[in-house]
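Participant: Hey, dropping run-v5.pdb in here, PDB, C-alpha atoms, pLDDT in the B column:
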```pdb
ATOM      1  CA  MET A 206      -8.983  -0.382   6.273  1.00 45.00           C
ATOM      2  CA  THR A 207      -5.287  -0.249   5.457  1.00 55.00           C
ATOM      3  CA  PRO A 208      -4.725  -1.108   1.794  1.00 80.00           C
ATOM      4  CA  TYR A 209      -2.261  -3.886   1.133  1.00 90.00           C
ATOM      5  CA  PRO A 210      -0.113  -4.082  -2.009  1.00 94.00           C
ATOM      6  CA  ALA A 211      -1.478  -6.420  -4.664  1.00 95.00           C
ATOM      7  CA  THR A 212       0.341  -9.333  -6.287  1.00 95.00           C
ATOM      8  CA  ILE A 213      -0.123 -11.269  -9.518  1.00 96.00           C
ATOM      9  CA  ALA A 214      -2.004 -14.514 -10.017  1.00 94.00           C
ATOM     10  CA  ALA A 215       0.454 -16.365 -12.262  1.00 96.00           C
ATOM     11  CA  PRO A 216       3.805 -15.950 -14.031  1.00 97.00           C
ATOM     12  CA  VAL A 217       3.942 -13.877 -17.221  1.00 98.00           C
ATOM     13  CA  GLU A 218       6.581 -13.513 -19.922  1.00 97.00           C
ATOM     14  CA  HIS A 219       7.046 -10.799 -22.523  1.00 98.00           C
ATOM     15  CA  GLU A 220       9.779  -9.957 -25.028  1.00 98.00           C
ATOM     16  CA  ILE A 221      10.736  -6.685 -26.659  1.00 97.00           C
ATOM     17  CA  VAL A 222      13.502  -6.009 -29.198  1.00 97.00           C
ATOM     18  CA  ILE A 223      15.391  -2.715 -29.181  1.00 95.00           C
ATOM     19  CA  LYS A 224      18.225  -2.123 -31.663  1.00 94.00           C
ATOM     20  CA  LYS A 225      18.574  -5.874 -32.138  1.00 94.00           C
ATOM     21  CA  SER A 226      18.927  -6.547 -28.392  1.00 95.00           C
ATOM     22  CA  ARG A 227      16.293  -8.935 -27.000  1.00 97.00           C
ATOM     23  CA  PHE A 228      14.857  -8.146 -23.569  1.00 98.00           C
ATOM     24  CA  ILE A 229      12.787 -11.028 -22.194  1.00 98.00           C
ATOM     25  CA  ALA A 230      10.858 -10.204 -19.026  1.00 98.00           C
ATOM     26  CA  HIS A 231       9.774 -12.988 -16.686  1.00 98.00           C
ATOM     27  CA  ILE A 232       7.601 -11.941 -13.753  1.00 98.00           C
ATOM     28  CA  ALA A 233       6.319 -14.405 -11.163  1.00 98.00           C
ATOM     29  CA  PRO A 234       4.417 -14.369  -7.867  1.00 97.00           C
ATOM     30  CA  VAL A 235       6.461 -15.580  -4.875  1.00 97.00           C
ATOM     31  CA  ASP A 236       5.862 -15.985  -1.157  1.00 92.00           C
ATOM     32  CA  SER A 237       9.323 -15.135   0.160  1.00 94.00           C
ATOM     33  CA  VAL A 238      12.808 -13.895  -0.706  1.00 95.00           C
ATOM     34  CA  GLU A 239      13.885 -17.532  -0.914  1.00 96.00           C
ATOM     35  CA  GLY A 240      11.093 -18.239  -3.379  1.00 96.00           C
ATOM     36  CA  ALA A 241      12.202 -15.296  -5.494  1.00 97.00           C
ATOM     37  CA  GLU A 242      15.802 -16.514  -5.464  1.00 97.00           C
ATOM     38  CA  THR A 243      14.618 -19.924  -6.664  1.00 97.00           C
ATOM     39  CA  VAL A 244      12.813 -18.304  -9.615  1.00 97.00           C
ATOM     40  CA  ILE A 245      15.913 -16.241 -10.440  1.00 97.00           C
ATOM     41  CA  ALA A 246      18.180 -19.272 -10.264  1.00 97.00           C
ATOM     42  CA  GLY A 247      15.896 -21.222 -12.588  1.00 97.00           C
ATOM     43  CA  ILE A 248      15.861 -18.484 -15.219  1.00 97.00           C
ATOM     44  CA  ARG A 249      19.615 -17.963 -15.013  1.00 96.00           C
ATOM     45  CA  LYS A 250      20.108 -21.688 -15.543  1.00 96.00           C
ATOM     46  CA  ARG A 251      17.729 -21.689 -18.502  1.00 95.00           C
ATOM     47  CA  ALA A 252      19.186 -18.495 -20.006  1.00 95.00           C
ATOM     48  CA  TRP A 253      22.812 -19.337 -19.230  1.00 95.00           C
ATOM     49  CA  ASP A 254      23.935 -17.966 -22.597  1.00 95.00           C
ATOM     50  CA  ALA A 255      22.399 -14.498 -22.073  1.00 95.00           C
ATOM     51  CA  GLY A 256      24.554 -11.454 -21.484  1.00 94.00           C
ATOM     52  CA  HIS A 257      22.549 -10.358 -18.442  1.00 97.00           C
ATOM     53  CA  ASN A 258      19.764 -11.599 -16.200  1.00 97.00           C
ATOM     54  CA  CYS A 259      18.790  -8.478 -14.270  1.00 98.00           C
ATOM     55  CA  THR A 260      16.431  -8.794 -11.317  1.00 98.00           C
ATOM     56  CA  ALA A 261      14.089  -6.942  -8.997  1.00 98.00           C
ATOM     57  CA  MET A 262      11.864  -8.249  -6.240  1.00 98.00           C
ATOM     58  CA  VAL A 263       9.433  -6.890  -3.684  1.00 97.00           C
ATOM     59  CA  THR A 264       8.292  -9.158  -0.858  1.00 96.00           C
ATOM     60  CA  GLY A 265       6.427  -8.994   2.435  1.00 93.00           C
ATOM     61  CA  LEU A 266       2.766  -8.358   3.158  1.00 91.00           C
ATOM     62  CA  LEU A 267       3.375  -4.593   3.134  1.00 92.00           C
ATOM     63  CA  GLY A 268       5.985  -4.720   0.368  1.00 93.00           C
ATOM     64  CA  ASP A 269       8.654  -3.641   2.838  1.00 92.00           C
ATOM     65  CA  GLN A 270      11.434  -5.851   1.478  1.00 94.00           C
ATOM     66  CA  ALA A 271      13.055  -5.061  -1.862  1.00 96.00           C
ATOM     67  CA  ARG A 272      16.167  -6.126  -3.752  1.00 96.00           C
ATOM     68  CA  SER A 273      17.526  -5.585  -7.225  1.00 97.00           C
ATOM     69  CA  SER A 274      20.548  -6.476  -9.331  1.00 97.00           C
ATOM     70  CA  ASP A 275      22.001  -4.985 -12.520  1.00 97.00           C
ATOM     71  CA  ASP A 276      23.866  -8.253 -13.207  1.00 95.00           C
ATOM     72  CA  GLY A 277      26.744  -6.557 -15.006  1.00 94.00           C
ATOM     73  CA  GLU A 278      24.825  -3.750 -16.698  1.00 95.00           C
ATOM     74  CA  PRO A 279      26.007  -0.200 -15.817  1.00 95.00           C
ATOM     75  CA  SER A 280      25.001   0.628 -12.238  1.00 96.00           C
ATOM     76  CA  GLY A 281      21.417   1.847 -11.910  1.00 96.00           C
ATOM     77  CA  THR A 282      20.350   1.084 -15.486  1.00 96.00           C
ATOM     78  CA  ALA A 283      18.471  -2.188 -14.974  1.00 97.00           C
ATOM     79  CA  GLY A 284      17.564  -3.499 -11.519  1.00 97.00           C
ATOM     80  CA  ILE A 285      16.514  -0.184  -9.978  1.00 97.00           C
ATOM     81  CA  PRO A 286      14.347   0.856 -12.969  1.00 98.00           C
ATOM     82  CA  MET A 287      12.684  -2.581 -12.858  1.00 98.00           C
ATOM     83  CA  LEU A 288      12.116  -2.205  -9.118  1.00 98.00           C
ATOM     84  CA  GLU A 289      10.591   1.229  -9.638  1.00 98.00           C
ATOM     85  CA  VAL A 290       8.040  -0.283 -12.024  1.00 98.00           C
ATOM     86  CA  LEU A 291       7.029  -2.839  -9.366  1.00 97.00           C
ATOM     87  CA  ARG A 292       6.767  -0.028  -6.818  1.00 96.00           C
ATOM     88  CA  ARG A 293       4.669   2.193  -9.103  1.00 96.00           C
ATOM     89  CA  ARG A 294       2.295  -0.708  -9.692  1.00 95.00           C
ATOM     90  CA  GLU A 295       2.029  -1.125  -5.887  1.00 94.00           C
ATOM     91  CA  LEU A 296       2.902  -4.817  -6.010  1.00 96.00           C
ATOM     92  CA  THR A 297       4.482  -7.198  -3.530  1.00 96.00           C
ATOM     93  CA  ASP A 298       5.449 -10.869  -3.373  1.00 97.00           C
ATOM     94  CA  VAL A 299       6.632 -10.640  -6.961  1.00 98.00           C
ATOM     95  CA  VAL A 300       9.973 -11.117  -8.714  1.00 98.00           C
ATOM     96  CA  ALA A 301      10.985  -9.763 -12.118  1.00 98.00           C
ATOM     97  CA  VAL A 302      13.873 -11.077 -14.208  1.00 98.00           C
ATOM     98  CA  VAL A 303      14.738  -9.421 -17.508  1.00 98.00           C
ATOM     99  CA  THR A 304      17.079 -11.480 -19.671  1.00 98.00           C
ATOM    100  CA  ARG A 305      19.092  -9.555 -22.254  1.00 97.00           C
ATOM    101  CA  TYR A 306      20.663 -10.977 -25.379  1.00 97.00           C
ATOM    102  CA  TRP A 307      22.894  -8.241 -26.792  1.00 93.00           C
ATOM    103  CA  GLY A 308      22.307  -7.290 -30.409  1.00 91.00           C
ATOM    104  CA  GLY A 309      25.597  -5.548 -31.067  1.00 90.00           C
ATOM    105  CA  VAL A 310      24.397  -1.960 -30.684  1.00 91.00           C
ATOM    106  CA  LYS A 311      25.042   0.006 -27.479  1.00 92.00           C
ATOM    107  CA  LEU A 312      21.926   1.640 -26.045  1.00 94.00           C
ATOM    108  CA  GLY A 313      23.518   4.035 -23.574  1.00 94.00           C
ATOM    109  CA  ALA A 314      22.411   4.465 -19.971  1.00 96.00           C
ATOM    110  CA  GLY A 315      19.112   6.139 -20.822  1.00 96.00           C
ATOM    111  CA  GLY A 316      18.320   3.533 -23.441  1.00 96.00           C
ATOM    112  CA  LEU A 317      18.969   0.713 -20.987  1.00 97.00           C
ATOM    113  CA  VAL A 318      16.763   2.278 -18.327  1.00 97.00           C
ATOM    114  CA  ARG A 319      13.911   2.623 -20.819  1.00 97.00           C
ATOM    115  CA  ALA A 320      14.401  -0.906 -22.156  1.00 97.00           C
ATOM    116  CA  TYR A 321      14.383  -2.641 -18.776  1.00 98.00           C
ATOM    117  CA  SER A 322      11.504  -0.489 -17.521  1.00 98.00           C
ATOM    118  CA  THR A 323       9.443  -1.066 -20.649  1.00 98.00           C
ATOM    119  CA  ALA A 324      10.008  -4.820 -20.690  1.00 98.00           C
ATOM    120  CA  THR A 325       8.906  -5.054 -17.060  1.00 98.00           C
ATOM    121  CA  SER A 326       5.927  -2.744 -17.479  1.00 98.00           C
ATOM    122  CA  GLU A 327       4.617  -4.415 -20.640  1.00 98.00           C
ATOM    123  CA  ALA A 328       4.923  -7.852 -19.014  1.00 98.00           C
ATOM    124  CA  LEU A 329       2.884  -6.632 -16.045  1.00 97.00           C
ATOM    125  CA  ASP A 330       0.214  -5.388 -18.447  1.00 97.00           C
ATOM    126  CA  LEU A 331      -0.357  -9.069 -19.267  1.00 97.00           C
ATOM    127  CA  ALA A 332      -0.642 -10.161 -15.639  1.00 96.00           C
ATOM    128  CA  ARG A 333      -3.867 -10.801 -13.765  1.00 95.00           C
ATOM    129  CA  LEU A 334      -3.785  -8.903 -10.487  1.00 94.00           C
ATOM    130  CA  VAL A 335      -4.748 -10.283  -7.109  1.00 92.00           C
ATOM    131  CA  ARG A 336      -5.596  -7.765  -4.421  1.00 88.00           C
ATOM    132  CA  ARG A 337      -5.163  -8.464  -0.727  1.00 89.00           C
ATOM    133  CA  GLU A 338      -7.627  -7.463   1.943  1.00 86.00           C
ATOM    134  CA  ALA A 339      -8.290  -8.072   5.611  1.00 90.00           C
ATOM    135  CA  LEU A 340     -11.499 -10.100   5.445  1.00 92.00           C
ATOM    136  CA  THR A 341     -13.616 -11.774   8.121  1.00 94.00           C
ATOM    137  CA  GLN A 342     -14.794 -15.365   7.878  1.00 94.00           C
ATOM    138  CA  MET A 343     -18.542 -15.922   7.943  1.00 95.00           C
ATOM    139  CA  ARG A 344     -19.833 -19.510   8.135  1.00 96.00           C
ATOM    140  CA  ILE A 345     -23.363 -20.257   6.985  1.00 95.00           C
ATOM    141  CA  ASP A 346     -25.006 -23.638   7.637  1.00 95.00           C
ATOM    142  CA  VAL A 347     -28.000 -24.659   5.516  1.00 94.00           C
ATOM    143  CA  ALA A 348     -29.893 -27.851   4.750  1.00 93.00           C
ATOM    144  CA  HIS A 349     -28.578 -29.873   1.818  1.00 93.00           C
ATOM    145  CA  ALA A 350     -31.844 -29.357  -0.031  1.00 92.00           C
ATOM    146  CA  ASP A 351     -31.205 -25.599   0.018  1.00 92.00           C
ATOM    147  CA  ALA A 352     -27.492 -25.758  -0.841  1.00 93.00           C
ATOM    148  CA  GLY A 353     -27.853 -24.921  -4.530  1.00 93.00           C
ATOM    149  CA  ARG A 354     -30.012 -21.888  -3.856  1.00 92.00           C
ATOM    150  CA  TYR A 355     -27.648 -20.527  -1.201  1.00 94.00           C
ATOM    151  CA  ASP A 356     -24.607 -21.200  -3.353  1.00 93.00           C
ATOM    152  CA  ASN A 357     -26.036 -18.983  -6.094  1.00 94.00           C
ATOM    153  CA  PHE A 358     -27.254 -16.381  -3.606  1.00 94.00           C
ATOM    154  CA  LEU A 359     -23.903 -16.094  -1.791  1.00 95.00           C
ATOM    155  CA  ARG A 360     -21.879 -15.954  -5.002  1.00 94.00           C
ATOM    156  CA  ASP A 361     -24.027 -13.106  -6.248  1.00 94.00           C
ATOM    157  CA  TRP A 362     -23.836 -11.297  -2.903  1.00 94.00           C
ATOM    158  CA  ALA A 363     -20.043 -11.697  -2.720  1.00 92.00           C
ATOM    159  CA  SER A 364     -19.560 -10.312  -6.227  1.00 90.00           C
ATOM    160  CA  HIS A 365     -21.298  -7.072  -5.235  1.00 92.00           C
ATOM    161  CA  HIS A 366     -19.776  -6.574  -1.767  1.00 91.00           C
ATOM    162  CA  GLY A 367     -16.034  -7.071  -2.142  1.00 86.00           C
ATOM    163  CA  ALA A 368     -16.202 -10.548  -0.646  1.00 89.00           C
ATOM    164  CA  THR A 369     -14.962 -13.948  -1.745  1.00 89.00           C
ATOM    165  CA  LEU A 370     -16.186 -17.500  -1.144  1.00 91.00           C
ATOM    166  CA  GLY A 371     -14.169 -20.268   0.463  1.00 90.00           C
ATOM    167  CA  ASP A 372     -14.737 -23.966  -0.193  1.00 89.00           C
ATOM    168  CA  ALA A 373     -18.130 -25.314   0.822  1.00 91.00           C
ATOM    169  CA  GLN A 374     -18.204 -28.322   3.162  1.00 92.00           C
ATOM    170  CA  TYR A 375     -20.860 -30.994   3.122  1.00 93.00           C
ATOM    171  CA  GLY A 376     -21.444 -32.907   6.348  1.00 92.00           C
ATOM    172  CA  ALA A 377     -24.638 -33.129   8.357  1.00 93.00           C
ATOM    173  CA  VAL A 378     -25.431 -29.771   6.761  1.00 93.00           C
ATOM    174  CA  ALA A 379     -23.975 -27.746   3.897  1.00 94.00           C
ATOM    175  CA  THR A 380     -21.563 -25.145   5.278  1.00 95.00           C
ATOM    176  CA  PHE A 381     -20.657 -22.141   3.151  1.00 96.00           C
ATOM    177  CA  GLU A 382     -17.729 -19.884   3.920  1.00 95.00           C
ATOM    178  CA  VAL A 383     -17.795 -16.219   2.953  1.00 95.00           C
ATOM    179  CA  TRP A 384     -14.811 -13.912   3.524  1.00 93.00           C
ATOM    180  CA  ALA A 385     -16.199 -10.390   3.789  1.00 92.00           C
ATOM    181  CA  PRO A 386     -14.894  -6.909   4.638  1.00 91.00           C
ATOM    182  CA  ALA A 387     -15.690  -5.913   8.225  1.00 89.00           C
ATOM    183  CA  ALA A 388     -18.020  -3.177   6.997  1.00 90.00           C
ATOM    184  CA  GLU A 389     -20.118  -5.768   5.129  1.00 93.00           C
ATOM    185  CA  ILE A 390     -20.683  -8.244   7.987  1.00 94.00           C
ATOM    186  CA  ALA A 391     -23.947  -6.666   9.117  1.00 94.00           C
ATOM    187  CA  HIS A 392     -25.129  -6.449   5.508  1.00 95.00           C
ATOM    188  CA  LEU A 393     -24.470 -10.157   4.973  1.00 95.00           C
ATOM    189  CA  THR A 394     -26.255 -11.074   8.194  1.00 95.00           C
ATOM    190  CA  ASP A 395     -29.282  -9.050   7.121  1.00 95.00           C
ATOM    191  CA  ALA A 396     -29.236 -10.501   3.595  1.00 94.00           C
ATOM    192  CA  VAL A 397     -29.089 -14.084   4.870  1.00 94.00           C
ATOM    193  CA  ALA A 398     -31.868 -13.375   7.365  1.00 94.00           C
ATOM    194  CA  ALA A 399     -34.045 -11.985   4.587  1.00 94.00           C
ATOM    195  CA  ALA A 400     -33.305 -14.949   2.308  1.00 91.00           C
ATOM    196  CA  SER A 401     -34.085 -17.504   5.012  1.00 91.00           C
ATOM    197  CA  GLY A 402     -36.955 -15.827   6.791  1.00 91.00           C
ATOM    198  CA  GLY A 403     -34.725 -15.367   9.831  1.00 90.00           C
ATOM    199  CA  VAL A 404     -33.923 -19.078  10.141  1.00 90.00           C
ATOM    200  CA  VAL A 405     -30.239 -18.954   9.090  1.00 92.00           C
ATOM    201  CA  VAL A 406     -27.758 -16.880  11.092  1.00 93.00           C
ATOM    202  CA  PRO A 407     -24.133 -16.538   9.887  1.00 93.00           C
ATOM    203  CA  VAL A 408     -21.420 -17.267  12.456  1.00 94.00           C
ATOM    204  CA  VAL A 409     -18.558 -14.767  12.599  1.00 94.00           C
ATOM    205  CA  GLY A 410     -15.093 -16.344  12.538  1.00 92.00           C
ATOM    206  CA  VAL A 411     -11.506 -15.177  12.286  1.00 92.00           C
ATOM    207  CA  GLU A 412     -10.043 -12.297  10.306  1.00 90.00           C
ATOM    208  CA  ARG A 413      -7.148 -12.881   7.932  1.00 89.00           C
ATOM    209  CA  ILE A 414      -5.476 -11.443   4.863  1.00 88.00           C
ATOM    210  CA  VAL A 415      -7.144 -12.988   1.822  1.00 82.00           C
ATOM    211  CA  ASP A 416      -6.148 -12.898  -1.858  1.00 83.00           C
ATOM    212  CA  VAL A 417      -9.039 -11.615  -3.959  1.00 79.00           C
ATOM    213  CA  PRO A 418      -8.947 -11.605  -7.799  1.00 76.00           C
ATOM    214  CA  ALA A 419      -8.958  -7.989  -8.960  1.00 71.00           C
TER     215      ALA A 419
END
```
Rewrite the structure from the file as structure tokens, please.
Facilitator:
Amino acid sequence: MTPYPATIAAPVEHEIVIKKSRFIAHIAPVDSVEGAETVIAGIRKRAWDAGHNCTAMVTGLLGDQARSSDDGEPSGTAGIPMLEVLRRRELTDVVAVVTRYWGGVKLGAGGLVRAYSTATSEALDLARLVRREALTQMRIDVAHADAGRYDNFLRDWASHHGATLGDAQYGAVATFEVWAPAAEIAHLTDAVAAASGGVVVPVVGVERIVDVPA
């Protein structure tokens, strides 16, 4: 299975101070370049009085689209170092903005690279990662009277087999949705058969890329 870059679950913010300069990192999950530009525009509007709002973004399912901006800092000292942090973390669909309020002391090119890299990296340390996998939908219909037992059973099974549960539906029967790696489909079928005495048979559905909390 081809590994896909991960993303983050929710925006994070982190501030560091170096020689009186404040570096405030904002990192957010996005679903497109346009979404990233919206985040950037919002921060620039909010931090209109900052000296610089430097940016880096990686987008696309495979992380094949990337952009960065030094926003007035010496070329190569801000956006590219921030982008390299995102690349090293193997992330996509994420945008980083580091806002700098100058403290009156020049840091030099090396100092700026370290500052922007560190602000981005430390902010990402606070983020909750979401991994992406190609998973196959498995639908499992059970009687309402058995729904609670199967809910517990499937949650436990999913937690040990790299799978995730979709939303259950309650109609004529209770329908559970499990998104499982292809290699685990036979295991799930066998586990459900054992739990139901062979009465319940999962139905294999579509495959799609699914976000799974890391």
Participant: Which residues come within 12 Å of Arg336 (chain A), counting only C-alpha atoms, excluding same-chain residues fewer than 5 positions away, as a PyMOL selection string?
Facilitator: chain A and resi 208-214+266+294-298+367-369+414-419
Participant: Any chance you could resolve the PyMOL selection byres ((chain A and resi 391) around 12) against this file and give the residues as a count of residues only?
Facilitator: 20
Participant: If you count only C-alpha atoms, which residues fall within 10 Å of Thr325 (chain A), apart from same-chain ones fewer than 6 positions away, as number ranges by chain?
Facilitator: A: 218-221, 228-232, 261, 286-291, 301-303, 319
Participant: Can you work out which one of A:Gln374, A:Asn258, A:Ser273, A:Ser322 has the shortest atom-to-atom distance to Arg344 (chain A), counting only C-alpha atoms?
Facilitator: A:Gln374
Participant: Have a look at CA of Asp275 (chain A) and CA of Ala215 (chain A) and let me know their distance in Å, one decimal.
Facilitator: 24.4 Å
Participant: Can you work out the spacing between CA of Glu412 (chain A) and CA of Arg293 (chain A) in Å, to one decimal?
Facilitator: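 If I compute the distance from CA of Glu412 (chain A) to CA of Arg293 (chain A), I get 28.3 Å.
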